[in-house]
$ cat work_33.cif   # mmCIF, C-alpha atoms and all ligand atoms
data_model
#
loop_
_atom_site.label_atom_id
_atom_site.label_comp_id
_atom_site.auth_asym_id
_atom_site.auth_seq_id
_atom_site.Cartn_x
_atom_site.Cartn_y
_atom_site.Cartn_z
CA MET D 1 55.97 -44.92 92.61
CA ASP D 2 58.62 -43.73 90.16
CA PHE D 3 57.58 -40.67 88.13
CA ASN D 4 60.69 -40.51 85.97
CA ASP D 5 61.56 -42.27 82.71
CA THR D 6 64.52 -44.62 82.81
CA VAL D 7 67.33 -43.75 80.35
CA GLU D 8 65.90 -46.21 77.80
CA GLU D 9 62.37 -44.91 78.27
CA ALA D 10 63.54 -41.30 77.80
CA GLU D 11 65.32 -42.32 74.58
CA PHE D 12 62.17 -44.01 73.28
CA ARG D 13 60.04 -40.99 74.23
CA ALA D 14 62.40 -38.67 72.29
CA GLU D 15 62.28 -40.97 69.24
CA ALA D 16 58.47 -41.15 69.37
CA ARG D 17 58.12 -37.39 69.75
CA ALA D 18 60.47 -36.69 66.82
CA PHE D 19 58.43 -39.01 64.59
CA LEU D 20 55.14 -37.40 65.68
CA GLU D 21 56.49 -33.87 65.14
CA GLN D 22 57.62 -34.85 61.66
CA HIS D 23 54.16 -36.05 60.58
CA LEU D 24 51.41 -34.41 62.68
CA GLU D 25 50.29 -31.07 64.04
CA PRO D 26 50.05 -30.62 67.81
CA LYS D 27 46.53 -30.89 69.25
CA GLY D 28 44.70 -27.58 69.15
CA ALA D 29 46.97 -26.13 66.44
CA LYS D 30 43.91 -25.94 64.19
CA PRO D 31 40.53 -24.65 65.33
CA LEU D 32 38.01 -27.48 65.57
CA ARG D 33 36.00 -26.17 62.60
CA GLN D 34 39.00 -26.54 60.28
CA ARG D 35 39.50 -30.20 61.09
CA VAL D 36 38.36 -32.39 58.22
CA SER D 37 35.73 -35.09 58.50
CA GLY D 38 34.11 -37.83 56.39
CA GLU D 39 36.09 -39.30 53.49
CA GLU D 40 38.89 -36.79 53.88
CA PHE D 41 39.30 -37.81 57.51
CA MET D 42 39.33 -41.52 56.60
CA ALA D 43 42.03 -40.94 53.95
CA ARG D 44 44.13 -39.01 56.49
CA ALA D 45 43.57 -41.75 59.12
CA LYS D 46 44.65 -44.53 56.71
CA ASP D 47 47.71 -42.54 55.68
CA TRP D 48 48.73 -41.99 59.33
CA GLN D 49 48.19 -45.68 60.17
CA ALA D 50 50.36 -46.76 57.22
CA LYS D 51 53.16 -44.39 58.29
CA LYS D 52 52.99 -45.65 61.88
CA ALA D 53 53.13 -49.28 60.71
CA ALA D 54 56.11 -48.60 58.44
CA ALA D 55 58.01 -47.02 61.35
CA ARG D 56 56.88 -49.86 63.72
CA PHE D 57 54.92 -47.52 65.95
CA ALA D 58 51.54 -49.08 65.06
CA GLN D 59 51.55 -51.80 67.76
CA ILE D 60 54.44 -51.30 70.13
CA THR D 61 54.12 -54.57 72.10
CA TRP D 62 53.34 -56.92 69.21
CA PRO D 63 56.19 -59.19 68.05
CA ARG D 64 58.23 -57.91 65.11
CA GLU D 65 57.22 -60.86 62.92
CA MET D 66 53.62 -59.59 63.20
CA GLY D 67 54.64 -56.07 62.20
CA GLY D 68 54.91 -54.77 65.76
CA ARG D 69 57.96 -53.25 67.45
CA GLY D 70 58.54 -56.06 69.98
CA GLY D 71 58.60 -53.28 72.60
CA THR D 72 57.60 -53.16 76.26
CA SER D 73 54.23 -52.29 77.80
CA MET D 74 55.90 -49.20 79.21
CA GLN D 75 56.95 -48.08 75.71
CA ASN D 76 53.33 -48.59 74.69
CA VAL D 77 52.20 -46.25 77.49
CA ILE D 78 54.81 -43.67 76.46
CA TRP D 79 53.71 -43.85 72.81
CA GLY D 80 50.07 -43.32 73.88
CA GLN D 81 51.01 -40.33 76.02
CA GLU D 82 52.98 -38.69 73.21
CA GLU D 83 50.53 -39.45 70.39
CA SER D 84 47.65 -38.01 72.46
CA LYS D 85 49.38 -34.60 72.37
CA PHE D 86 49.00 -34.51 68.57
CA ASP D 87 46.06 -34.29 66.20
CA ALA D 88 46.34 -38.00 65.35
CA PRO D 89 43.40 -39.54 63.40
CA THR D 90 43.43 -42.95 65.13
CA GLY D 91 39.69 -43.53 65.75
CA PRO D 92 38.81 -45.93 62.89
CA PHE D 93 41.49 -48.44 64.02
CA THR D 94 40.96 -48.47 67.79
CA ILE D 95 38.44 -51.32 67.79
CA GLY D 96 40.20 -53.43 65.16
CA LEU D 97 43.70 -53.21 66.57
CA GLY D 98 42.69 -52.85 70.21
CA MET D 99 40.09 -55.63 70.40
CA CYS D 100 39.39 -57.65 67.22
CA ILE D 101 42.89 -58.44 65.96
CA PRO D 102 44.18 -59.42 69.46
CA THR D 103 41.26 -61.90 69.51
CA VAL D 104 42.19 -63.20 66.04
CA ILE D 105 45.80 -63.57 67.21
CA ALA D 106 44.71 -65.44 70.35
CA PHE D 107 42.20 -67.82 68.71
CA GLY D 108 42.74 -67.70 64.93
CA SER D 109 44.63 -70.16 62.73
CA ASP D 110 47.99 -69.35 61.11
CA GLU D 111 46.07 -68.64 57.86
CA HIS D 112 43.88 -66.11 59.70
CA LYS D 113 46.91 -64.35 61.13
CA LYS D 114 48.66 -64.27 57.74
CA ARG D 115 45.52 -63.01 56.00
CA TYR D 116 44.27 -60.35 58.45
CA VAL D 117 46.90 -59.00 60.85
CA GLU D 118 49.16 -57.03 58.51
CA LYS D 119 46.32 -55.44 56.54
CA ALA D 120 44.72 -54.27 59.79
CA LEU D 121 48.03 -52.97 61.12
CA THR D 122 48.72 -50.89 58.02
CA GLY D 123 45.18 -49.50 57.99
CA GLU D 124 44.29 -51.17 54.69
CA GLU D 125 41.36 -53.05 56.31
CA ILE D 126 39.14 -51.86 59.13
CA TRP D 127 37.38 -54.07 61.70
CA CYS D 128 34.34 -53.79 63.93
CA GLN D 129 33.05 -55.66 66.98
CA LEU D 130 29.56 -57.19 66.67
CA PHE D 131 28.50 -58.16 70.20
CA SER D 132 25.65 -55.92 71.47
CA GLU D 133 22.02 -56.51 70.47
CA PRO D 134 18.79 -54.68 71.28
CA ALA D 135 18.26 -56.92 74.35
CA ALA D 136 21.89 -57.79 75.11
CA GLY D 137 24.35 -55.06 76.10
CA SER D 138 25.68 -55.21 79.66
CA ASP D 139 24.36 -58.76 79.67
CA VAL D 140 25.85 -59.59 76.28
CA ALA D 141 25.63 -63.36 76.94
CA GLY D 142 21.86 -62.96 76.50
CA LEU D 143 22.24 -62.35 72.75
CA LYS D 144 19.88 -63.99 70.26
CA THR D 145 21.52 -63.81 66.81
CA ARG D 146 21.53 -67.42 65.65
CA ALA D 147 24.06 -69.48 63.73
CA VAL D 148 22.88 -72.83 62.36
CA LYS D 149 25.31 -75.34 60.82
CA ASP D 150 24.68 -76.17 57.14
CA GLY D 151 27.39 -78.39 55.61
CA ASP D 152 30.75 -76.64 56.01
CA ASP D 153 29.05 -73.29 56.60
CA TRP D 154 27.11 -71.60 59.37
CA VAL D 155 24.01 -69.61 58.42
CA ILE D 156 23.52 -66.43 60.44
CA ASN D 157 20.26 -64.58 61.10
CA GLY D 158 19.64 -61.77 63.58
CA GLN D 159 20.45 -58.20 64.51
CA LYS D 160 23.29 -56.37 66.23
CA VAL D 161 23.20 -52.76 67.41
CA TRP D 162 25.58 -49.93 68.40
CA THR D 163 28.25 -51.45 66.14
CA SER D 164 30.85 -48.68 65.87
CA GLY D 165 32.24 -48.23 62.37
CA ALA D 166 30.26 -51.14 60.82
CA HIS D 167 29.37 -48.96 57.82
CA TYR D 168 33.03 -48.53 56.82
CA SER D 169 34.42 -51.81 58.17
CA ASP D 170 35.75 -54.62 55.99
CA TYR D 171 35.59 -57.38 58.64
CA GLY D 172 34.13 -57.94 62.07
CA ILE D 173 34.22 -60.37 64.95
CA LEU D 174 30.72 -61.72 65.47
CA LEU D 175 29.38 -63.38 68.63
CA VAL D 176 26.33 -65.58 67.98
CA ARG D 177 24.24 -68.28 69.64
CA THR D 178 24.93 -71.77 68.28
CA ASP D 179 23.18 -73.76 71.03
CA PRO D 180 19.99 -72.33 72.57
CA LYS D 181 19.61 -75.45 74.76
CA ALA D 182 22.81 -74.66 76.69
CA PRO D 183 22.97 -72.08 79.54
CA LYS D 184 23.45 -68.61 78.12
CA HIS D 185 27.25 -68.35 78.49
CA LYS D 186 27.81 -71.88 77.12
CA GLY D 187 25.90 -71.78 73.80
CA LEU D 188 27.90 -69.00 72.10
CA THR D 189 30.46 -69.13 69.30
CA MET D 190 32.68 -66.43 67.74
CA PHE D 191 33.28 -65.95 64.00
CA ILE D 192 35.13 -63.67 61.63
CA VAL D 193 32.60 -62.07 59.26
CA ASP D 194 33.16 -60.33 55.93
CA MET D 195 31.13 -57.11 56.33
CA LYS D 196 30.86 -56.55 52.57
CA GLN D 197 29.17 -59.87 51.79
CA GLN D 198 25.57 -60.38 50.74
CA GLY D 199 23.05 -60.44 53.59
CA VAL D 200 24.99 -58.04 55.86
CA GLU D 201 23.30 -54.66 56.08
CA ALA D 202 24.72 -51.83 58.22
CA ARG D 203 22.28 -49.00 58.90
CA PRO D 204 23.98 -45.97 60.50
CA ILE D 205 22.24 -44.55 63.59
CA HIS D 206 21.86 -40.75 63.58
CA GLN D 207 23.23 -39.29 66.79
CA ALA D 208 22.24 -36.13 68.68
CA SER D 209 25.67 -34.69 67.80
CA GLY D 210 24.91 -34.99 64.06
CA GLY D 211 27.44 -37.82 63.71
CA ARG D 212 26.75 -41.34 62.43
CA GLU D 213 29.44 -43.39 64.07
CA PHE D 214 27.57 -46.52 64.96
CA ASN D 215 25.00 -48.80 63.37
CA GLU D 216 22.28 -51.35 63.49
CA VAL D 217 23.57 -54.40 61.59
CA TYR D 218 21.16 -56.96 60.14
CA PHE D 219 22.17 -60.50 59.14
CA THR D 220 19.91 -62.32 56.70
CA ASP D 221 20.99 -65.85 55.75
CA VAL D 222 24.65 -64.83 55.87
CA ARG D 223 26.97 -67.79 55.25
CA ILE D 224 30.24 -68.05 57.18
CA PRO D 225 32.58 -70.99 56.54
CA ASP D 226 33.39 -73.07 59.63
CA SER D 227 37.06 -72.28 58.92
CA ASP D 228 36.33 -68.67 59.99
CA ARG D 229 35.34 -69.74 63.49
CA LEU D 230 37.46 -68.34 66.36
CA GLY D 231 37.77 -70.91 69.16
CA GLU D 232 35.65 -74.00 69.72
CA VAL D 233 31.91 -74.26 69.08
CA GLY D 234 30.18 -73.24 72.33
CA GLN D 235 33.32 -71.52 73.67
CA GLY D 236 32.44 -68.05 72.35
CA TRP D 237 32.15 -66.57 75.83
CA LYS D 238 35.77 -67.51 76.57
CA VAL D 239 36.80 -65.81 73.30
CA ALA D 240 34.63 -62.76 74.05
CA ILE D 241 36.28 -62.30 77.46
CA VAL D 242 39.63 -61.86 75.70
CA THR D 243 38.06 -59.19 73.46
CA LEU D 244 36.40 -57.45 76.43
CA MET D 245 39.60 -57.47 78.50
CA ASN D 246 41.33 -55.75 75.60
CA GLU D 247 38.38 -53.33 75.32
CA ARG D 248 38.85 -52.12 78.91
CA LEU D 249 42.44 -51.21 77.96
CA ALA D 250 41.55 -49.66 74.58
CA VAL D 251 38.55 -47.56 75.76
CA GLY D 252 40.37 -45.51 78.35
CA GLY D 253 40.22 -41.84 79.21
CA SER D 254 38.10 -39.16 77.65
CA PRO D 255 39.24 -37.37 74.49
CA GLY D 256 37.23 -34.23 75.33
CA PRO D 257 38.00 -30.94 77.09
CA ASP D 258 39.33 -31.15 80.67
CA TRP D 259 39.60 -28.77 83.64
CA SER D 260 42.39 -26.74 82.01
CA GLU D 261 40.34 -26.09 78.87
CA ILE D 262 37.28 -24.89 80.78
CA MET D 263 39.58 -22.75 82.96
CA ASP D 264 41.00 -21.10 79.82
CA TYR D 265 37.51 -20.62 78.47
CA ALA D 266 36.27 -19.11 81.77
CA LYS D 267 39.14 -16.62 81.65
CA GLN D 268 38.03 -15.50 78.17
CA ALA D 269 34.35 -15.47 79.15
CA GLY D 270 35.05 -13.46 82.31
CA THR D 271 33.49 -16.04 84.67
CA ILE D 272 36.73 -17.19 86.28
CA SER D 273 36.08 -15.05 89.37
CA ASP D 274 32.69 -16.67 90.05
CA SER D 275 33.10 -18.51 93.37
CA ALA D 276 30.66 -21.34 92.51
CA PHE D 277 32.62 -21.99 89.30
CA ARG D 278 35.92 -21.91 91.18
CA ASP D 279 34.61 -24.55 93.61
CA LYS D 280 33.75 -26.84 90.70
CA LEU D 281 37.10 -26.16 89.03
CA ALA D 282 38.87 -27.21 92.24
CA ASP D 283 36.85 -30.47 92.34
CA TRP D 284 37.66 -31.28 88.69
CA TYR D 285 41.34 -30.55 89.29
CA VAL D 286 41.48 -32.78 92.38
CA ALA D 287 39.71 -35.68 90.60
CA ALA D 288 42.01 -35.28 87.58
CA GLN D 289 45.10 -35.35 89.81
CA GLY D 290 43.78 -38.47 91.58
CA TYR D 291 43.26 -40.17 88.22
CA LYS D 292 46.70 -39.06 87.01
CA LEU D 293 48.31 -40.67 90.07
CA THR D 294 46.24 -43.84 89.57
CA LYS D 295 47.50 -43.99 85.97
CA LEU D 296 51.07 -43.46 87.19
CA ARG D 297 50.59 -46.40 89.57
CA THR D 298 49.54 -48.53 86.57
CA GLN D 299 52.51 -47.18 84.64
CA THR D 300 54.89 -48.14 87.46
CA ALA D 301 53.38 -51.66 87.55
CA LEU D 302 53.89 -51.98 83.78
CA SER D 303 57.41 -50.66 84.04
CA LYS D 304 58.18 -53.43 86.58
CA GLY D 305 56.74 -56.05 84.22
CA GLN D 306 53.51 -56.52 86.25
CA THR D 307 50.03 -56.76 84.69
CA PRO D 308 47.59 -54.02 85.73
CA GLY D 309 44.34 -55.39 87.17
CA PRO D 310 40.65 -54.43 87.21
CA GLU D 311 41.47 -51.08 88.85
CA ASN D 312 41.79 -49.80 85.26
CA SER D 313 37.98 -49.54 85.29
CA ILE D 314 38.30 -46.45 87.53
CA GLY D 315 39.61 -44.25 84.70
CA LYS D 316 36.57 -44.26 82.45
CA ILE D 317 34.14 -43.63 85.33
CA ILE D 318 36.09 -40.53 86.39
CA THR D 319 36.89 -39.06 82.99
CA ALA D 320 33.54 -39.70 81.29
CA ASN D 321 31.54 -38.20 84.18
CA GLN D 322 33.91 -35.28 84.43
CA LEU D 323 33.63 -34.61 80.69
CA GLN D 324 29.84 -34.45 80.93
CA ASP D 325 29.99 -32.16 83.98
CA ILE D 326 32.61 -29.82 82.47
CA CYS D 327 30.68 -29.47 79.20
CA ASN D 328 27.44 -28.86 81.08
CA SER D 329 29.05 -26.02 83.05
CA ALA D 330 30.59 -24.47 79.93
CA ILE D 331 27.23 -24.57 78.15
CA GLU D 332 25.55 -22.88 81.14
CA MET D 333 28.29 -20.24 81.06
CA GLN D 334 27.48 -19.51 77.41
CA ASP D 335 23.88 -18.75 78.34
CA HIS D 336 21.60 -18.88 75.26
CA TYR D 337 24.61 -19.48 72.93
CA GLY D 338 25.04 -22.76 74.78
CA LEU D 339 22.05 -24.14 72.89
CA MET D 340 23.76 -23.81 69.51
CA THR D 341 26.23 -26.28 68.04
CA ASP D 342 27.49 -24.45 64.93
CA ALA D 343 31.29 -24.55 65.17
CA ASP D 344 31.70 -21.53 62.83
CA THR D 345 29.85 -19.10 65.03
CA MET D 346 29.90 -20.47 68.58
CA PRO D 347 32.47 -19.69 71.29
CA ALA D 348 35.36 -22.20 71.50
CA ASP D 349 34.26 -23.66 68.12
CA ALA D 350 31.28 -25.27 69.92
CA LEU D 351 33.75 -27.76 71.40
CA PHE D 352 31.81 -27.96 74.68
CA GLN D 353 28.44 -28.43 72.97
CA GLN D 354 29.77 -31.18 70.70
CA SER D 355 31.57 -32.98 73.52
CA PHE D 356 28.46 -32.64 75.72
CA MET D 357 26.51 -34.75 73.25
CA TRP D 358 29.23 -37.38 73.05
CA ALA D 359 29.86 -37.65 76.82
CA PRO D 360 26.83 -39.81 77.78
CA GLY D 361 27.90 -42.33 75.11
CA LEU D 362 31.33 -42.54 76.69
CA ARG D 363 29.67 -43.42 80.02
CA ILE D 364 28.01 -46.41 78.27
CA ALA D 365 30.56 -47.69 75.70
CA GLY D 366 33.02 -50.31 76.94
CA GLY D 367 30.94 -50.94 80.09
CA THR D 368 28.41 -48.59 81.73
CA ASP D 369 29.20 -46.70 84.94
CA GLU D 370 27.16 -49.24 86.92
CA ILE D 371 28.89 -52.27 85.37
CA LEU D 372 32.33 -50.77 85.99
CA LYS D 373 31.33 -49.99 89.58
CA ASN D 374 30.27 -53.65 89.96
CA ILE D 375 33.72 -54.71 88.69
CA ILE D 376 35.46 -52.37 91.13
CA ALA D 377 33.22 -53.53 94.00
CA GLU D 378 33.70 -57.24 93.31
CA ARG D 379 37.21 -57.46 91.96
CA VAL D 380 39.07 -54.51 93.51
CA LEU D 381 37.27 -54.09 96.86
CA GLY D 382 36.35 -57.79 97.28
CA LEU D 383 32.65 -57.11 98.02
CA PRO D 384 30.06 -59.89 97.50
CA GLN D 385 29.06 -60.71 93.88
CA ASP D 386 26.03 -59.25 92.09
CA VAL D 387 23.06 -61.69 92.07
CA ARG D 388 23.12 -63.90 88.93
CA VAL D 389 20.14 -66.26 88.86
CA ASP D 390 20.24 -67.38 85.21
CA LYS D 391 23.76 -68.81 84.89
CA THR D 392 22.80 -72.49 84.82
CA VAL D 393 19.37 -72.35 83.11
CA PRO D 394 19.18 -73.43 79.41
CA PHE D 395 18.93 -70.25 77.30
CA ASP D 396 15.66 -71.26 75.62
CA GLU D 397 14.00 -71.72 79.04
CA LEU D 398 14.85 -68.18 80.21
CA LYS D 399 11.99 -65.71 80.43
CA GLN D 400 12.35 -63.40 77.41
CA GLY D 401 11.05 -59.89 76.83
C1 LIG N 501 29.54 -44.91 71.74
C2 LIG N 501 29.20 -46.37 71.82
C3 LIG N 501 29.86 -47.27 71.02
C4 LIG N 501 29.55 -48.63 71.08
N1 LIG N 501 30.20 -49.50 70.23
C5 LIG N 501 29.89 -50.81 70.27
C6 LIG N 501 30.51 -51.71 69.34
O1 LIG N 501 31.32 -51.32 68.50
N2 LIG N 501 30.15 -53.03 69.39
C7 LIG N 501 29.25 -53.51 70.29
O2 LIG N 501 29.00 -54.72 70.29
N3 LIG N 501 28.63 -52.67 71.17
C8 LIG N 501 28.93 -51.33 71.17
N4 LIG N 501 28.29 -50.47 72.05
C9 LIG N 501 27.25 -51.00 72.92
C10 LIG N 501 27.66 -51.04 74.39
O3 LIG N 501 28.56 -52.10 74.63
C11 LIG N 501 26.36 -51.19 75.19
O4 LIG N 501 25.58 -50.05 74.96
C12 LIG N 501 26.65 -51.33 76.66
O5 LIG N 501 27.27 -52.56 76.95
C13 LIG N 501 25.36 -51.20 77.50
O6 LIG N 501 24.37 -52.05 77.02
P1 LIG N 501 22.89 -51.52 76.72
O7 LIG N 501 23.01 -50.28 75.90
O8 LIG N 501 22.13 -52.66 76.17
O9 LIG N 501 22.31 -51.10 78.13
P2 LIG N 501 21.76 -52.09 79.25
O10 LIG N 501 22.73 -53.19 79.48
O11 LIG N 501 20.37 -52.45 78.91
O12 LIG N 501 21.77 -51.15 80.50
C14 LIG N 501 20.70 -50.23 80.81
C15 LIG N 501 20.99 -49.64 82.19
O13 LIG N 501 20.96 -50.69 83.19
C16 LIG N 501 22.16 -50.69 83.94
N5 LIG N 501 22.54 -52.09 84.28
C17 LIG N 501 22.57 -53.15 83.44
N6 LIG N 501 22.98 -54.25 84.10
C18 LIG N 501 23.23 -53.87 85.39
C19 LIG N 501 23.70 -54.54 86.56
N7 LIG N 501 24.00 -55.85 86.53
N8 LIG N 501 23.85 -53.82 87.69
C20 LIG N 501 23.55 -52.49 87.73
N9 LIG N 501 23.11 -51.80 86.65
C21 LIG N 501 22.95 -52.47 85.50
C22 LIG N 501 23.20 -50.09 82.99
O14 LIG N 501 24.30 -49.55 83.71
C23 LIG N 501 22.38 -49.01 82.29
O15 LIG N 501 22.29 -47.85 83.08
C24 LIG N 501 28.57 -49.10 72.01
C25 LIG N 501 27.91 -48.19 72.82
C26 LIG N 501 28.20 -46.84 72.73
C27 LIG N 501 27.46 -45.88 73.61
#
$ encode --input "work_33.cif" --output "structure tokens" --more "lines below"
Ligand SMILES: Cc1cc2nc3c(=O)[nH]c(=O)nc-3n(C[C@H](O)[C@H](O)[C@H](O)COP(=O)(O)OP(=O)(O)OC[C@H]3O[C@@H](n4cnc5c(N)ncnc54)[C@H](O)[C@@H]3O)c2cc1C
Amino acid sequence: MDFNDTVEEAEFRAEARAFLEQHLEPKGAKPLRQRVSGEEFMARAKDWQAKKAAARFAQITWPREMGGRGGTSMQNVIWGQEESKFDAPTGPFTIGLGMCIPTVIAFGSDEHKKRYVEKALTGEEIWCQLFSEPAAGSDVAGLKTRAVKDGDDWVINGQKVWTSGAHYSDYGILLVRTDPKAPKHKGLTMFIVDMKQQGVEARPIHQASGGREFNEVYFTDVRIPDSDRLGEVGQGWKVAIVTLMNERLAVGGSPGPDWSEIMDYAKQAGTISDSAFRDKLADWYVAAQGYKLTKLRTQTALSKGQTPGPENSIGKIITANQLQDICNSAIEMQDHYGLMTDADTMPADALFQQSFMWAPGLRIAGGTDEILKNIIAERVLGLPQDVRVDKTVPFDELKQG
């Protein structure tokens, strides 16, 4: 494992850092309560995305003719490492650029690429991913939203859920059932959908944290032209796998407080000498170091031109669980103040309380702990496959409910 940048990598890192320093404040420079939200945040996010695109930092590995930098996977890792040290408002574009647009590039026509890629890259248009339904999450191939062919159009009826950013998105990639007589993985088709058209209704879901980041989305007689299909009819699962592979790369580590932040807080709160706390701190530190070395192994593979494998699933299991545990301990440390979430009056700007409410979601989004453990068991450790009894049965003959 090589921990050091090559000369070229060090040059790229310096260039990236100079650009970031010119446009953003370092993370933590502002107390949490002074960070803007809502429309102000969206305007700042779009502005940052446009600046990144103009300087060709928006998608490092994409070809230059698509507005990318034509850079290496290693440069992409370096950019991610450097940008994460700054207060960069990237959230609204993660799903579009990380999952939807790579799917459009892989399966869309030249017209699709010309129409959608640049506007997504510059932040002008935002995308969402419409896969999960009330009875289809981990088992997304069990979805029921229907598309029926009518002339040159498909007519869509059904409901999606947990769709991040649907309420502010312009377009989405939509996985629907086109053939209920085929086995569940074989009767699906993927489309591009205009989220602002008649019949699409996004209803934000109110979260425990007070946020409204994801939605229920209802489709009532929504018409999509056949020309906005991605991939062949009935091949939607193949298309979705490309999206989900990109999702595992895009939904990585946790953005919340880590062992060093709770250590700093414990010093202020006077609990750093508590031996039970110190034991936990040591465990968090050890797990974080293990994860750091695992990431460096991935980085070394990328640097040698290799493709990292399913071992990437390890990262989210470790960081999301650790985030929940760290926030829980900090809240306990704050005693009765731990119950309150008001950033203006609470210790550490209520960072631990707010992250505590987000952490369980992180353990679910992009694959639950159990699903990721299945992937690690089957594809990293080579253990026998999970039992799958419904793979060959026509979807409309499966027991529902
Ligand atoms: C913050 C957040 C953002 C999201 N954003 C989006 C989005 O933008 N677009 C979108 O389409 N979806 C989105 N989702 C939905 C997400 O993909 C699903 O919630 C996730 O796949 C789990 O599905 P489910 O909620 O239906 O739970 P289920 O699949 O019903 O799981 C329930 C429980 O059963 C366990 N389980 C299920 N199957 C197995 C198995 N085979 N072996 C062992 N245990 C199992 C699960 O681990 C879990 O504990 C988001 C979710 C969250 C939390």
$ residues_around --input "work_33.cif" --residues "region 380-395 of chain D" --least-positions-apart "2" --cutoff "10 Å" --atoms "only C-alpha atoms" --output "number ranges by chain"
D: 141-144, 177, 179-187, 309-313, 373-378, 397-400
$ residues_near_ligand --input "work_33.cif" --ligand "ligand LIG 501 (chain N)" --cutoff "7 Å" --atoms "all atoms listed in the file" --output "ChimeraX atom specification"
/D:128-139,161-165,214,361-362,364-371,374,386
$ residues_around --input "work_33.cif" --residues "Leu323 (chain D)" --least-positions-apart "5" --cutoff "9 Å" --atoms "all atoms listed in the file" --output "ChimeraX atom specification"
/D:254-259,318,328,355-356,359
$ closest_residue --input "work_33.cif" --among "D:Gln235, D:His206, D:Val148, D:Leu188" --to "Val222 (chain D)" --atoms "only C-alpha atoms"
D:Val148
$ residues_around --input "work_33.cif" --residues "Ala288 (chain D)" --least-positions-apart "3" --cutoff "10 Å" --atoms "all atoms listed in the file" --output "tab-separated table (two decimals) with C-alpha atoms, keeping the file's coordinate frame"
chain	number	residue	atom	x	y	z
D	258	ASP	CA	39.33	-31.15	80.67
D	259	TRP	CA	39.60	-28.77	83.64
D	282	ALA	CA	38.87	-27.21	92.24
D	283	ASP	CA	36.85	-30.47	92.34
D	284	TRP	CA	37.66	-31.28	88.69
D	285	TYR	CA	41.34	-30.55	89.29
D	291	TYR	CA	43.26	-40.17	88.22
D	292	LYS	CA	46.70	-39.06	87.01
D	293	LEU	CA	48.31	-40.67	90.07
D	294	THR	CA	46.24	-43.84	89.57
D	315	GLY	CA	39.61	-44.25	84.70
D	318	ILE	CA	36.09	-40.53	86.39
D	319	THR	CA	36.89	-39.06	82.99
D	322	GLN	CA	33.91	-35.28	84.43
$ atom_distance --input "work_33.cif" --atom1 "CA of Pro204 (chain D)" --atom2 "CA of Glu125 (chain D)"
19.2 Å
$ closest_residue --input "work_33.cif" --among "D:Ala58, D:Ile326, D:Ala350, D:Leu230" --to "Gly108 (chain D)" --atoms "only C-alpha atoms"
D:Leu230
$ atom_distance --input "work_33.cif" --atom1 "CA of Trp48 (chain D)" --atom2 "CA of Glu11 (chain D)"
22.5 Å
$ closest_residue --input "work_33.cif" --among "D:Val200, D:Ile173, D:Ala348, D:Ile314" --to "Leu97 (chain D)" --atoms "all atoms listed in the file"
D:Ile173
$ atom_distance --input "work_33.cif" --atom1 "CA of Trp79 (chain D)" --atom2 "CA of Asn246 (chain D)"
17.4 Å
$ residues_around --input "work_33.cif" --residues "Leu24 (chain D)" --least-positions-apart "3" --cutoff "8 Å" --atoms "all atoms listed in the file" --output "MDAnalysis selection string"
chainID D and resid 20:21 86:88
$ residues_around --input "work_33.cif" --residues "Thr90 (chain D)" --least-positions-apart "3" --cutoff "7 Å" --atoms "all atoms listed in the file" --output "mmCIF file with C-alpha atoms, in the coordinates of the input"
data_model
loop_
_atom_site.group_PDB
_atom_site.id
_atom_site.type_symbol
_atom_site.label_atom_id
_atom_site.label_comp_id
_atom_site.auth_asym_id
_atom_site.auth_seq_id
_atom_site.Cartn_x
_atom_site.Cartn_y
_atom_site.Cartn_z
ATOM 1 C CA ALA D 45 43.570 -41.750 59.120
ATOM 2 C CA PHE D 93 41.490 -48.440 64.020
ATOM 3 C CA THR D 94 40.960 -48.470 67.790
#
$ axis_aligned_box --input "work_33.cif" --around "region 134-151 of chain D" --padding-each-side "6 Å" --output "lines of an AutoDock Vina configuration file"
center_x = 22.8
center_y = -66.5
center_z = 67.6
size_x = 21.1
size_y = 35.7
size_z = 36.1
$ closest_residue --input "work_33.cif" --among "D:Asn215, D:Asp274, D:Gly338, D:Arg17" --to "Lys85 (chain D)" --atoms "only C-alpha atoms"
D:Arg17
$ closest_residue --input "work_33.cif" --among "D:Gly67, D:Gly80, D:Pro26, D:Gly158" --to "Glu201 (chain D)" --atoms "all atoms listed in the file"
D:Gly158
$ closest_residue --input "work_33.cif" --among "D:Leu121, D:Ala16, D:Cys327, D:Ala202" --to "Ser84 (chain D)" --atoms "all atoms listed in the file"
D:Ala16
